[in-house]
>>> print(open('structure_10.cif').read())   # mmCIF, C-alpha atoms
data_target
loop_
_atom_site.label_atom_id
_atom_site.label_comp_id
_atom_site.auth_asym_id
_atom_site.auth_seq_id
_atom_site.Cartn_x
_atom_site.Cartn_y
_atom_site.Cartn_z
CA MET A 1 138.60 59.16 79.62
CA SER A 2 139.49 59.04 76.00
CA ASN A 3 143.18 58.44 76.54
CA SER A 4 142.87 55.65 74.04
CA PHE A 5 142.09 58.17 71.35
CA ILE A 6 145.28 58.59 69.37
CA ILE A 7 145.26 61.48 67.01
CA GLY A 8 146.53 60.60 63.57
CA GLN A 9 146.19 56.81 64.04
CA TYR A 10 149.98 56.50 63.67
CA VAL A 11 151.18 52.91 64.03
CA PRO A 12 154.91 52.72 64.80
CA GLY A 13 157.00 50.48 62.61
CA SER A 14 160.26 50.18 60.73
CA SER A 15 159.04 49.28 57.24
CA ILE A 16 160.38 51.09 54.20
CA VAL A 17 157.11 53.04 54.00
CA HIS A 18 157.61 54.26 57.57
CA ARG A 19 161.18 55.32 56.84
CA LEU A 20 160.43 57.17 53.63
CA ASP A 21 160.82 60.91 53.69
CA PRO A 22 157.38 62.38 54.52
CA ARG A 23 157.73 64.69 51.51
CA THR A 24 158.08 61.66 49.25
CA LYS A 25 154.95 60.12 50.68
CA MET A 26 152.97 63.33 50.33
CA THR A 27 154.14 63.95 46.76
CA ILE A 28 153.25 60.42 45.72
CA ILE A 29 149.83 60.63 47.33
CA PHE A 30 149.22 63.95 45.58
CA PHE A 31 149.93 62.40 42.19
CA PHE A 32 148.06 59.23 43.07
CA VAL A 33 144.92 61.28 43.69
CA ILE A 34 145.26 62.68 40.17
CA ILE A 35 146.06 59.45 38.32
CA VAL A 36 143.21 57.58 39.99
CA PHE A 37 140.90 59.63 37.79
CA LEU A 38 142.72 58.42 34.67
CA ALA A 39 141.84 54.79 35.27
CA ASN A 40 139.03 53.67 32.96
CA SER A 41 139.57 50.01 32.24
CA VAL A 42 139.82 46.76 34.16
CA GLY A 43 143.57 46.69 33.52
CA SER A 44 144.21 50.24 34.73
CA TYR A 45 142.19 49.68 37.90
CA GLY A 46 144.14 46.46 38.34
CA VAL A 47 147.45 48.35 38.24
CA LEU A 48 146.25 50.80 40.90
CA ILE A 49 144.83 48.07 43.11
CA VAL A 50 148.08 46.11 42.98
CA PHE A 51 150.04 49.27 43.84
CA ALA A 52 147.73 50.15 46.75
CA LEU A 53 147.60 46.65 48.21
CA LEU A 54 151.33 46.15 47.80
CA SER A 55 152.04 49.42 49.64
CA MET A 56 149.64 48.32 52.34
CA PHE A 57 151.36 44.95 52.85
CA ILE A 58 154.84 46.49 52.83
CA THR A 59 153.90 48.72 55.82
CA ARG A 60 153.33 45.50 57.84
CA ILE A 61 150.56 47.26 59.71
CA PRO A 62 148.04 44.71 61.04
CA ILE A 63 145.08 44.56 58.65
CA HIS A 64 142.53 45.22 61.41
CA TYR A 65 143.96 48.73 61.96
CA ILE A 66 143.37 49.54 58.34
CA VAL A 67 139.93 47.98 58.27
CA LYS A 68 139.00 49.91 61.41
CA GLY A 69 140.11 53.13 59.74
CA LEU A 70 137.85 52.37 56.82
CA THR A 71 134.71 51.59 58.87
CA PRO A 72 133.08 55.02 58.54
CA VAL A 73 133.60 54.84 54.79
CA TRP A 74 131.94 51.49 54.07
CA PHE A 75 128.53 53.06 54.41
CA LEU A 76 129.40 55.78 51.90
CA ILE A 77 130.91 53.32 49.43
CA ILE A 78 127.87 51.02 49.56
CA PHE A 79 125.45 53.95 49.41
CA THR A 80 127.15 55.33 46.30
CA PHE A 81 127.18 51.94 44.67
CA ILE A 82 123.45 51.48 45.22
CA LEU A 83 122.71 55.04 44.09
CA HIS A 84 124.46 54.42 40.79
CA LEU A 85 122.63 51.13 40.35
CA PHE A 86 119.33 52.96 40.28
CA VAL A 87 120.24 56.26 38.65
CA THR A 88 122.40 55.23 35.70
CA ARG A 89 120.40 54.03 32.70
CA GLU A 90 122.93 52.75 30.23
CA GLY A 91 123.65 49.35 28.77
CA THR A 92 121.32 46.38 28.98
CA VAL A 93 118.73 45.70 31.66
CA LEU A 94 120.12 43.09 34.02
CA PHE A 95 117.14 42.55 36.30
CA GLU A 96 114.11 44.34 37.72
CA ILE A 97 113.15 44.99 41.33
CA TYR A 98 109.45 45.97 41.24
CA THR A 99 109.54 48.94 38.87
CA PHE A 100 113.27 49.68 39.15
CA LYS A 101 115.37 48.43 36.31
CA VAL A 102 119.02 47.75 37.06
CA TYR A 103 121.20 48.42 34.02
CA SER A 104 124.61 46.93 33.34
CA GLY A 105 126.03 50.47 32.91
CA GLY A 106 124.89 51.27 36.46
CA VAL A 107 126.66 48.26 37.89
CA ILE A 108 129.87 49.11 36.06
CA GLN A 109 129.80 52.80 36.96
CA GLY A 110 128.83 52.14 40.57
CA PHE A 111 131.61 49.63 40.89
CA ALA A 112 134.19 51.93 39.26
CA ILE A 113 133.35 54.89 41.51
CA ALA A 114 133.29 52.74 44.64
CA MET A 115 136.65 51.25 43.66
CA ARG A 116 138.19 54.66 42.99
CA PHE A 117 136.97 55.93 46.32
CA PHE A 118 138.24 52.87 48.15
CA LEU A 119 141.68 53.23 46.53
CA LEU A 120 141.95 56.90 47.50
CA ILE A 121 140.94 56.29 51.09
CA LEU A 122 143.28 53.33 51.43
CA VAL A 123 146.35 55.11 50.04
CA THR A 124 145.76 58.36 51.91
CA SER A 125 145.18 56.53 55.17
CA LEU A 126 148.58 54.88 54.70
CA LEU A 127 150.11 58.35 55.10
CA THR A 128 148.61 58.99 58.52
CA LEU A 129 149.21 55.38 59.56
CA THR A 130 152.94 55.46 58.81
CA THR A 131 153.85 59.10 59.43
CA THR A 132 153.86 60.91 62.76
CA PRO A 133 151.98 64.21 62.86
CA ILE A 134 155.28 65.96 63.58
CA GLU A 135 156.84 64.51 60.43
CA ILE A 136 153.83 65.73 58.46
CA THR A 137 154.29 69.18 59.97
CA ASP A 138 157.97 69.25 59.02
CA ALA A 139 157.15 68.14 55.50
CA ILE A 140 154.47 70.80 55.10
CA GLU A 141 156.82 73.49 56.36
CA ASP A 142 159.45 72.39 53.88
CA MET A 143 157.08 72.11 50.95
CA LEU A 144 155.51 75.51 51.59
CA GLU A 145 158.97 77.12 51.66
CA PRO A 146 158.48 78.87 48.27
CA LEU A 147 155.52 80.77 49.73
CA LYS A 148 157.95 82.65 51.98
CA LYS A 149 158.72 84.81 48.97
CA ILE A 150 155.22 86.26 49.08
CA LYS A 151 155.58 86.89 52.84
CA PHE A 152 153.42 83.93 53.84
CA PRO A 153 154.31 83.02 57.46
CA VAL A 154 155.38 79.43 56.73
CA HIS A 155 157.49 78.89 59.84
CA GLU A 156 154.84 80.41 62.08
CA LEU A 157 152.21 78.17 60.55
CA ALA A 158 154.34 75.07 61.19
CA LEU A 159 154.96 76.13 64.78
CA MET A 160 151.25 76.80 65.21
CA MET A 161 150.56 73.30 63.93
CA SER A 162 153.04 71.73 66.37
CA ILE A 163 151.54 73.69 69.26
CA SER A 164 148.12 72.58 68.19
CA LEU A 165 149.15 68.92 67.96
CA ARG A 166 150.74 69.09 71.37
CA PHE A 167 147.61 70.50 72.98
CA ILE A 168 144.98 68.35 71.29
CA PRO A 169 145.18 65.52 73.88
CA THR A 170 145.29 68.01 76.76
CA LEU A 171 142.24 69.87 75.55
CA MET A 172 140.41 66.64 74.85
CA GLN A 173 140.88 65.54 78.43
CA GLU A 174 139.74 68.97 79.52
CA THR A 175 136.61 68.76 77.35
CA GLU A 176 135.80 65.37 78.79
CA LYS A 177 136.34 66.60 82.35
CA ILE A 178 134.24 69.72 81.91
CA SER A 179 131.37 67.92 80.23
CA LYS A 180 131.31 65.38 83.07
CA ALA A 181 131.48 68.16 85.65
CA GLN A 182 128.60 69.99 84.00
CA ALA A 183 126.60 66.78 83.56
CA SER A 184 126.96 66.10 87.29
CA ARG A 185 125.45 69.54 87.87
CA GLY A 186 122.48 68.53 85.78
CA VAL A 187 123.32 69.90 82.34
CA ASP A 188 121.79 67.60 79.74
CA PHE A 189 123.65 67.45 76.41
CA LYS A 190 121.94 64.47 74.87
CA THR A 191 118.16 64.82 75.21
CA GLY A 192 115.50 67.50 75.00
CA PRO A 193 114.59 69.93 72.24
CA ILE A 194 117.36 71.31 70.01
CA LYS A 195 117.09 74.76 71.54
CA GLU A 196 117.77 73.41 75.03
CA ARG A 197 120.70 71.35 73.79
CA ALA A 198 122.16 74.37 72.04
CA LYS A 199 121.88 76.28 75.32
CA ALA A 200 123.59 73.45 77.19
CA ILE A 201 126.66 73.90 75.03
CA VAL A 202 127.40 77.37 76.41
CA PRO A 203 128.34 76.22 79.95
CA LEU A 204 130.57 73.62 78.32
CA LEU A 205 132.33 75.96 75.92
CA VAL A 206 132.90 78.88 78.29
CA PRO A 207 135.24 77.05 80.70
CA LEU A 208 136.84 75.29 77.75
CA PHE A 209 137.68 78.54 76.01
CA VAL A 210 138.82 80.16 79.25
CA SER A 211 141.18 77.30 80.02
CA ALA A 212 142.50 77.07 76.44
CA PHE A 213 143.29 80.77 76.26
CA LYS A 214 144.79 80.66 79.74
CA ARG A 215 147.16 77.93 78.56
CA ALA A 216 147.93 79.97 75.46
CA GLU A 217 148.79 82.98 77.58
CA ASP A 218 151.14 80.96 79.78
CA LEU A 219 152.85 79.48 76.75
CA ALA A 220 153.17 82.82 74.98
CA MET A 221 154.70 84.33 78.09
CA ALA A 222 157.15 81.45 78.45
CA MET A 223 158.16 81.80 74.81
CA GLU A 224 158.67 85.51 75.07
CA ALA A 225 160.67 85.14 78.29
CA ARG A 226 163.00 82.76 76.45
CA GLY A 227 163.39 85.19 73.59
CA TYR A 228 161.53 83.38 70.84
CA HIS A 229 161.83 85.30 67.60
CA GLY A 230 160.70 83.17 64.68
CA GLY A 231 162.42 80.88 62.23
CA GLU A 232 165.11 83.26 60.98
CA GLY A 233 168.50 81.51 60.95
CA ARG A 234 167.39 78.50 62.97
CA THR A 235 168.63 74.97 62.45
CA LYS A 236 166.51 71.86 62.81
CA LEU A 237 166.65 68.99 65.26
CA ARG A 238 165.11 66.67 62.70
CA ALA A 239 166.38 67.58 59.26
CA LEU A 240 164.61 65.99 56.32
CA LYS A 241 166.80 64.21 53.81
CA ILE A 242 166.03 62.45 50.55
CA GLU A 243 167.63 58.98 50.66
CA LYS A 244 168.20 56.30 48.02
CA ARG A 245 164.96 54.58 49.00
CA ASP A 246 163.03 57.74 48.20
CA ILE A 247 164.46 57.85 44.70
CA PHE A 248 163.72 54.14 44.32
CA VAL A 249 160.09 54.75 45.29
CA TYR A 250 159.80 57.64 42.84
CA ILE A 251 161.06 55.40 40.03
CA LEU A 252 158.66 52.66 41.06
CA PHE A 253 155.80 55.13 41.03
CA ALA A 254 156.81 56.38 37.58
CA ILE A 255 156.57 52.77 36.36
CA VAL A 256 153.09 52.52 37.91
CA ILE A 257 152.03 55.66 36.01
CA ALA A 258 153.48 54.27 32.77
CA LEU A 259 151.65 50.95 33.26
CA LEU A 260 148.44 52.81 34.00
CA LEU A 261 148.68 54.89 30.84
CA TYR A 262 149.48 51.74 28.86
CA THR A 263 146.50 49.78 30.18
CA ARG A 264 143.82 52.46 29.94
CA ASN A 265 141.39 52.59 27.06
CA MET B 1 152.95 87.79 63.62
CA ASN B 2 153.40 88.24 67.34
CA VAL B 3 153.84 85.32 69.70
CA LYS B 4 150.47 85.76 71.38
CA THR B 5 148.53 85.57 68.11
CA LEU B 6 150.54 82.54 67.06
CA VAL B 7 149.99 80.61 70.28
CA ASN B 8 146.32 81.57 70.58
CA ASN B 9 145.62 80.35 67.07
CA GLY B 10 147.47 77.09 67.76
CA LEU B 11 145.31 76.49 70.82
CA LEU B 12 142.19 77.46 68.89
CA ALA B 13 142.97 74.81 66.27
CA ALA B 14 143.51 72.23 69.03
CA LEU B 15 140.19 73.24 70.56
CA TYR B 16 138.54 72.84 67.16
CA ILE B 17 139.69 69.21 67.06
CA ALA B 18 138.81 68.45 70.67
CA VAL B 19 135.30 69.81 70.18
CA SER B 20 134.87 68.04 66.83
CA VAL B 21 135.73 64.72 68.39
CA LEU B 22 134.00 64.92 71.72
CA VAL B 23 130.96 67.12 71.46
CA GLN B 24 128.24 65.83 69.18
CA PRO B 25 125.03 67.01 70.76
CA PHE B 26 122.57 66.84 67.90
CA GLY B 27 122.78 63.14 67.30
CA PHE B 28 123.93 63.07 63.72
CA THR B 29 127.00 61.31 62.50
CA ASN B 30 130.21 63.28 62.51
CA ILE B 31 130.16 63.34 58.72
CA GLN B 32 127.13 65.58 58.59
CA PHE B 33 127.47 67.60 61.71
CA ARG B 34 130.48 69.18 63.28
CA LEU B 35 129.82 71.43 66.22
CA SER B 36 133.17 73.13 65.75
CA GLU B 37 131.80 74.62 62.52
CA LEU B 38 130.47 77.33 64.77
CA PHE B 39 134.06 78.41 65.42
CA ASN B 40 133.84 79.88 61.92
CA HIS B 41 131.91 82.76 63.46
CA LEU B 42 135.01 83.88 65.37
CA ILE B 43 136.25 85.54 62.18
CA VAL B 44 133.64 88.30 62.60
CA PHE B 45 135.28 89.46 65.84
CA ASN B 46 138.87 89.59 64.69
CA LYS B 47 140.52 88.61 61.43
CA LYS B 48 143.50 87.29 63.36
CA TYR B 49 141.50 84.08 63.99
CA PHE B 50 141.83 83.23 60.30
CA LEU B 51 144.86 80.91 60.58
CA GLY B 52 143.59 79.16 63.70
CA ILE B 53 140.24 78.30 62.14
CA THR B 54 141.83 77.19 58.87
CA LEU B 55 144.39 75.07 60.69
CA GLY B 56 141.64 73.51 62.80
CA VAL B 57 139.74 72.52 59.68
CA PHE B 58 142.92 71.20 58.08
CA LEU B 59 143.95 69.05 61.05
CA ALA B 60 140.42 67.78 61.66
CA ASN B 61 140.15 66.69 58.05
CA LEU B 62 143.65 65.21 58.04
CA PHE B 63 143.01 63.01 61.05
CA LEU B 64 139.29 62.56 61.32
CA SER B 65 137.62 62.82 57.97
CA PRO B 66 136.59 59.59 56.29
CA LEU B 67 136.86 61.33 52.94
CA GLY B 68 140.58 61.91 53.47
CA ILE B 69 142.41 63.84 50.82
CA TYR B 70 139.24 65.25 49.21
CA ASP B 71 138.16 66.93 52.41
CA LEU B 72 141.68 68.16 52.92
CA ILE B 73 141.70 70.09 49.66
CA PHE B 74 138.05 71.05 49.21
CA GLY B 75 137.14 71.41 52.89
CA VAL B 76 140.07 73.70 53.62
CA GLY B 77 139.44 75.51 50.33
CA GLN B 78 135.81 76.09 51.24
CA SER B 79 136.79 77.47 54.66
CA VAL B 80 139.52 79.73 53.31
CA ILE B 81 137.31 81.18 50.57
CA SER B 82 134.36 81.68 52.92
CA LEU B 83 136.47 83.26 55.66
CA LEU B 84 138.08 85.65 53.18
CA MET B 85 134.67 86.60 51.81
CA THR B 86 133.34 87.28 55.30
CA MET B 87 136.41 89.38 56.08
CA GLY B 88 135.75 91.37 52.92
CA VAL B 89 132.04 91.82 53.56
CA GLY B 90 132.68 92.56 57.25
CA ARG B 91 134.37 95.84 56.37
CA PHE B 92 131.04 97.29 55.37
CA ILE B 93 129.02 95.92 58.27
CA GLU B 94 129.21 97.31 61.78
CA SER B 95 126.87 95.02 63.68
CA ILE B 96 128.27 91.72 64.95
CA TRP B 97 124.89 90.04 64.47
CA VAL B 98 124.60 91.04 60.83
CA ARG B 99 128.17 89.94 60.23
CA MET B 100 127.44 86.52 61.70
CA ILE B 101 124.32 86.22 59.56
CA ALA B 102 126.36 87.17 56.48
CA ASN B 103 128.97 84.61 57.50
CA THR B 104 126.29 81.93 57.81
CA ILE B 105 124.96 82.70 54.34
CA ILE B 106 128.44 82.78 52.81
CA PHE B 107 129.44 79.45 54.35
CA SER B 108 126.16 77.81 53.32
CA PHE B 109 126.39 79.12 49.77
CA ASN B 110 130.00 77.98 49.44
CA MET B 111 128.95 74.42 50.21
CA PHE B 112 128.80 74.15 46.42
CA ILE B 113 132.55 73.52 46.74
CA ILE B 114 131.81 70.50 48.93
CA ALA B 115 129.08 69.46 46.48
CA ILE B 116 131.65 69.54 43.66
CA MET B 117 133.88 67.37 45.80
CA LEU B 118 131.16 64.82 46.52
CA ASN B 119 130.23 64.88 42.86
CA LEU B 120 133.82 64.14 41.88
CA ALA B 121 134.51 61.61 44.58
CA LEU B 122 131.27 59.69 44.73
CA GLY B 123 129.40 60.79 41.63
CA LEU B 124 126.56 62.20 43.76
CA PRO B 125 124.23 64.56 41.85
CA PHE B 126 125.56 68.11 42.19
CA LEU B 127 122.42 70.21 42.79
CA ILE B 128 120.75 67.95 45.34
CA THR B 129 124.04 67.53 47.19
CA TRP B 130 124.59 71.28 47.22
CA LEU B 131 121.10 71.86 48.58
CA THR B 132 121.32 69.24 51.34
CA THR B 133 124.83 70.15 52.48
CA ALA B 134 123.99 73.87 52.37
CA ILE B 135 120.91 73.31 54.54
CA GLY B 136 123.00 71.31 57.00
CA GLU B 137 125.66 74.00 57.16
CA PHE B 138 123.04 76.73 57.48
CA VAL B 139 121.38 75.03 60.45
CA VAL B 140 124.69 74.55 62.29
CA MET B 141 125.91 78.07 61.66
CA ALA B 142 122.55 79.65 62.47
CA LEU B 143 122.36 77.70 65.75
CA GLY B 144 125.91 78.85 66.35
CA ILE B 145 125.08 82.56 66.23
CA PRO B 146 123.42 82.83 69.67
CA ILE B 147 125.94 80.38 71.16
CA ILE B 148 128.93 82.35 69.95
CA TYR B 149 127.29 85.60 70.99
CA ALA B 150 126.72 84.24 74.49
CA LEU B 151 130.38 83.18 74.59
CA HIS B 152 131.47 86.57 73.27
CA LYS B 153 129.74 88.37 76.14
CA ARG B 154 131.93 86.46 78.62
CA MET B 155 135.13 86.07 76.61
CA HIS B 156 135.37 89.25 74.51
CA PHE B 157 136.76 87.51 71.45
CA ASP B 158 137.74 90.77 69.77
CA LYS B 159 140.37 91.44 72.42
CA LEU B 160 141.66 87.91 72.97
CA VAL B 161 144.28 87.65 70.24
#
>>> encode(input="structure_10.cif", output="structure tokens")
Amino acid sequence: MSNSFIIGQYVPGSSIVHRLDPRTKMTIIFFFVIIVFLANSVGSYGVLIVFALLSMFITRIPIHYIVKGLTPVWFLIIFTFILHLFVTREGTVLFEIYTFKVYSGGVIQGFAIAMRFFLLILVTSLLTLTTTPIEITDAIEDMLEPLKKIKFPVHELALMMSISLRFIPTLMQETEKISKAQASRGVDFKTGPIKERAKAIVPLLVPLFVSAFKRAEDLAMAMEARGYHGGEGRTKLRALKIEKRDIFVYILFAIVIALLLYTRN
Amino acid sequence: MNVKTLVNNGLLAALYIAVSVLVQPFGFTNIQFRLSELFNHLIVFNKKYFLGITLGVFLANLFLSPLGIYDLIFGVGQSVISLLMTMGVGRFIESIWVRMIANTIIFSFNMFIIAIMLNLALGLPFLITWLTTAIGEFVVMALGIPIIYALHKRMHFDKLV
């Protein structure tokens, strides 16, 4: 069973990063993604690296969690680096491998892109590591609030997201159970020609869909029986509030942006 | 939005994640191949699946994608644009099969959005990336057509939400 699979890789903690308002974290990440593209010198990359590593250490999340989260990305980072080594033809020739010439421009560009990518992944993964999915949902609902004016169902979307989050583990167990049940009846998902494997998916998906929509029906009925009627005039159990630490972090981030602009070429 | 549509779409998004994580039958890495992409075909049966599919893509990218924030913006953008296009085209097409084929072509073509993303994020060459990702998407979605049709015969997707 994949009970060990935790959606959102959230690691509980009480660091300042954990306690920040989720809206603050999302806003900062949004701007971080933009300013990363402004970095173009050793100094400006240095500023961003210091900011990213400092944030990482402040969370006090054990390093191996973060490294584990980055495993699927290493391959991409290294692949991109090597690609740029061979494709870019600027600067002086550093060395030759058979007929391939490796230029200094390629090394610099490959390194810069790999660094940028690494920074983005690291900072964005800090969000899911320090914020529960429910907090993220609340923050999204709050930040999409202006869209209510154009009749976008913001509250419904947030509720849909919470329902979804609640049922992900349930449906994952169900998927596991059904695929084992079908495998014991001789369905083979892993070998054979593609056509056969595609066919094998049908007996897996049918019971899965049936059970998911059955659960949905039960839940919808329960909600209707209790008189659910949308977000109009409702109060919240967990109200979001901007604290002093949020303002402090905003100021700190403004300084980071200023330093970045100062150090870039 | 009525309660049934809301709840069904929530469960659909959850199913999208469960299937993304657990069912990987064609032996590629989860970066290149996501079986739940075939859920995109549900839009041809009823446009009420729109939010569920989009939310599924959003959550899957939020929690599972190694590309993080890029996938969140461009991946969701690609799905939203493609789904809207299919909904638009679907008005003029009666047959479910033709709609699914149109959907496959639209999704594959719109992989240029993902190619832009990979170009921005990793500096990969745009045209080659577009071509390879579009072929990947096309294969998944084309394989998905008979699977979804077989499911539709049992489940009657058009009447579920």
>>> atom_distance(input="structure_10.cif", atom1="atom CA of A:Asp142", atom2="atom CA of A:Arg234")
13.5 Å
>>> residues_around(input="structure_10.cif", residues="A:Tyr103", least_positions_apart="2", cutoff="12 Å", atoms="all atoms listed in the file", output="PDB file with C-alpha atoms, in the coordinates of the input")
ATOM      1  CA  ILE A  82     123.450  51.480  45.220  1.00  0.00           C
ATOM      2  CA  HIS A  84     124.460  54.420  40.790  1.00  0.00           C
ATOM      3  CA  LEU A  85     122.630  51.130  40.350  1.00  0.00           C
ATOM      4  CA  PHE A  86     119.330  52.960  40.280  1.00  0.00           C
ATOM      5  CA  VAL A  87     120.240  56.260  38.650  1.00  0.00           C
ATOM      6  CA  THR A  88     122.400  55.230  35.700  1.00  0.00           C
ATOM      7  CA  ARG A  89     120.400  54.030  32.700  1.00  0.00           C
ATOM      8  CA  GLU A  90     122.930  52.750  30.230  1.00  0.00           C
ATOM      9  CA  GLY A  91     123.650  49.350  28.770  1.00  0.00           C
ATOM     10  CA  THR A  92     121.320  46.380  28.980  1.00  0.00           C
ATOM     11  CA  VAL A  93     118.730  45.700  31.660  1.00  0.00           C
ATOM     12  CA  LEU A  94     120.120  43.090  34.020  1.00  0.00           C
ATOM     13  CA  PHE A  95     117.140  42.550  36.300  1.00  0.00           C
ATOM     14  CA  GLU A  96     114.110  44.340  37.720  1.00  0.00           C
ATOM     15  CA  ILE A  97     113.150  44.990  41.330  1.00  0.00           C
ATOM     16  CA  PHE A 100     113.270  49.680  39.150  1.00  0.00           C
ATOM     17  CA  LYS A 101     115.370  48.430  36.310  1.00  0.00           C
ATOM     18  CA  GLY A 105     126.030  50.470  32.910  1.00  0.00           C
ATOM     19  CA  GLY A 106     124.890  51.270  36.460  1.00  0.00           C
ATOM     20  CA  VAL A 107     126.660  48.260  37.890  1.00  0.00           C
ATOM     21  CA  ILE A 108     129.870  49.110  36.060  1.00  0.00           C
ATOM     22  CA  GLN A 109     129.800  52.800  36.960  1.00  0.00           C
ATOM     23  CA  GLY A 110     128.830  52.140  40.570  1.00  0.00           C
TER      24      GLY A 110
END
>>> resolve_selection(input="structure_10.cif", expression="the PyMOL selection byres ((chain A and resi 143) around 12)", output="list in words")
Pro22, Arg23, Thr24, Met26, Thr27, Ile136, Thr137, Asp138, Ala139, Ile140, Glu141, Asp142, Leu144, Glu145, Pro146, Leu147, Lys148, Val154, His155, Ala158 and Leu240 of chain A
>>> closest_residue(input="structure_10.cif", among="A:Phe248, A:Phe111, A:Phe152, A:Tyr45", to="A:Phe79", atoms="all atoms listed in the file")
A:Phe111
>>> resolve_selection(input="structure_10.cif", expression="the PyMOL selection byres ((chain A) within 6 of (chain B))", output="PDB file with C-alpha atoms, in the frame of the given file")
ATOM      1  CA  GLY A   8     146.530  60.600  63.570  1.00  0.00           C
ATOM      2  CA  VAL A  73     133.600  54.840  54.790  1.00  0.00           C
ATOM      3  CA  MET A 160     151.250  76.800  65.210  1.00  0.00           C
ATOM      4  CA  ILE A 163     151.540  73.690  69.260  1.00  0.00           C
ATOM      5  CA  SER A 164     148.120  72.580  68.190  1.00  0.00           C
ATOM      6  CA  PHE A 167     147.610  70.500  72.980  1.00  0.00           C
ATOM      7  CA  ILE A 168     144.980  68.350  71.290  1.00  0.00           C
ATOM      8  CA  MET A 172     140.410  66.640  74.850  1.00  0.00           C
ATOM      9  CA  PHE A 189     123.650  67.450  76.410  1.00  0.00           C
ATOM     10  CA  LYS A 190     121.940  64.470  74.870  1.00  0.00           C
ATOM     11  CA  ALA A 216     147.930  79.970  75.460  1.00  0.00           C
ATOM     12  CA  ALA A 220     153.170  82.820  74.980  1.00  0.00           C
TER      13      ALA A 220
END
>>> atom_distance(input="structure_10.cif", atom1="atom CA of A:Met161", atom2="atom CA of A:Thr235")
18.2 Å
>>> atom_distance(input="structure_10.cif", atom1="atom CA of B:Phe39", atom2="atom CA of B:Ile105")
15.0 Å
>>> closest_residue(input="structure_10.cif", among="B:Gly77, B:Gly136, B:Met141, B:Asp158", to="B:Asn46", atoms="only C-alpha atoms")
B:Asp158
>>> closest_atom_pairs(input="structure_10.cif", of="stretch 97-214 of chain A", to="stretch 48-71 of chain A", cutoff="9 Å", atoms="only C-alpha atoms", output="JSON lines")
{"residue": "A:Met115", "atom": "CA", "partner": "A:Ile49", "partner_atom": "CA", "distance": 8.8}
{"residue": "A:Phe118", "atom": "CA", "partner": "A:Leu70", "partner_atom": "CA", "distance": 8.7}
{"residue": "A:Leu119", "atom": "CA", "partner": "A:Ala52", "partner_atom": "CA", "distance": 6.8}
{"residue": "A:Leu120", "atom": "CA", "partner": "A:Ala52", "partner_atom": "CA", "distance": 8.9}
{"residue": "A:Ile121", "atom": "CA", "partner": "A:Leu70", "partner_atom": "CA", "distance": 7.6}
{"residue": "A:Leu122", "atom": "CA", "partner": "A:Ala52", "partner_atom": "CA", "distance": 7.2}
{"residue": "A:Val123", "atom": "CA", "partner": "A:Ala52", "partner_atom": "CA", "distance": 6.1}
{"residue": "A:Ser125", "atom": "CA", "partner": "A:Gly69", "partner_atom": "CA", "distance": 7.6}
{"residue": "A:Leu126", "atom": "CA", "partner": "A:Met56", "partner_atom": "CA", "distance": 7.1}
{"residue": "A:Leu129", "atom": "CA", "partner": "A:Ile61", "partner_atom": "CA", "distance": 8.2}
{"residue": "A:Thr130", "atom": "CA", "partner": "A:Thr59", "partner_atom": "CA", "distance": 7.4}
>>> write_last_selection(input="structure_10.cif", atoms="C-alpha atoms", output="CSV table (one decimal), in the frame of the given file")
chain,number,residue,atom,x,y,z
A,115,MET,CA,136.6,51.2,43.7
A,118,PHE,CA,138.2,52.9,48.2
A,119,LEU,CA,141.7,53.2,46.5
A,120,LEU,CA,142.0,56.9,47.5
A,121,ILE,CA,140.9,56.3,51.1
A,122,LEU,CA,143.3,53.3,51.4
A,123,VAL,CA,146.4,55.1,50.0
A,125,SER,CA,145.2,56.5,55.2
A,126,LEU,CA,148.6,54.9,54.7
A,129,LEU,CA,149.2,55.4,59.6
A,130,THR,CA,152.9,55.5,58.8
>>> resolve_selection(input="structure_10.cif", expression="the PyMOL selection byres ((chain B and resi 96) around 10)", output="list in words")
His41, Val44, Phe45, Gly90, Ile93, Glu94, Ser95, Trp97, Val98, Arg99, Met100, Ile101, Ala102, Ile145 and Tyr149 of chain B
>>> write_last_selection(input="structure_10.cif", atoms="C-alpha atoms", output="tab-separated table (two decimals), in the frame of the given file")
chain	number	residue	atom	x	y	z
B	41	HIS	CA	131.91	82.76	63.46
B	44	VAL	CA	133.64	88.30	62.60
B	45	PHE	CA	135.28	89.46	65.84
B	90	GLY	CA	132.68	92.56	57.25
B	93	ILE	CA	129.02	95.92	58.27
B	94	GLU	CA	129.21	97.31	61.78
B	95	SER	CA	126.87	95.02	63.68
B	97	TRP	CA	124.89	90.04	64.47
B	98	VAL	CA	124.60	91.04	60.83
B	99	ARG	CA	128.17	89.94	60.23
B	100	MET	CA	127.44	86.52	61.70
B	101	ILE	CA	124.32	86.22	59.56
B	102	ALA	CA	126.36	87.17	56.48
B	145	ILE	CA	125.08	82.56	66.23
B	149	TYR	CA	127.29	85.60	70.99
>>> closest_residue(input="structure_10.cif", among="A:Ile34, A:Phe81, A:Leu127, A:Val42", to="A:Val11", atoms="all atoms listed in the file")
A:Leu127
>>> closest_residue(input="structure_10.cif", among="A:Glu217, A:Trp74, A:Ile28, A:His18", to="A:Leu252", atoms="only C-alpha atoms")
A:Ile28
>>> axis_aligned_box(input="structure_10.cif", around="stretch 89-100 of chain B", padding_each_side="3 Å", output="AutoDock Vina command-line options")
--center_x 129.5 --center_y 91.9 --center_z 59.3 --size_x 15.8 --size_y 16.8 --size_z 17.4
>>> closest_residue(input="structure_10.cif", among="A:Ile134, A:Leu157, A:Ala181, A:Val33", to="A:Tyr10", atoms="only C-alpha atoms")
A:Ile134
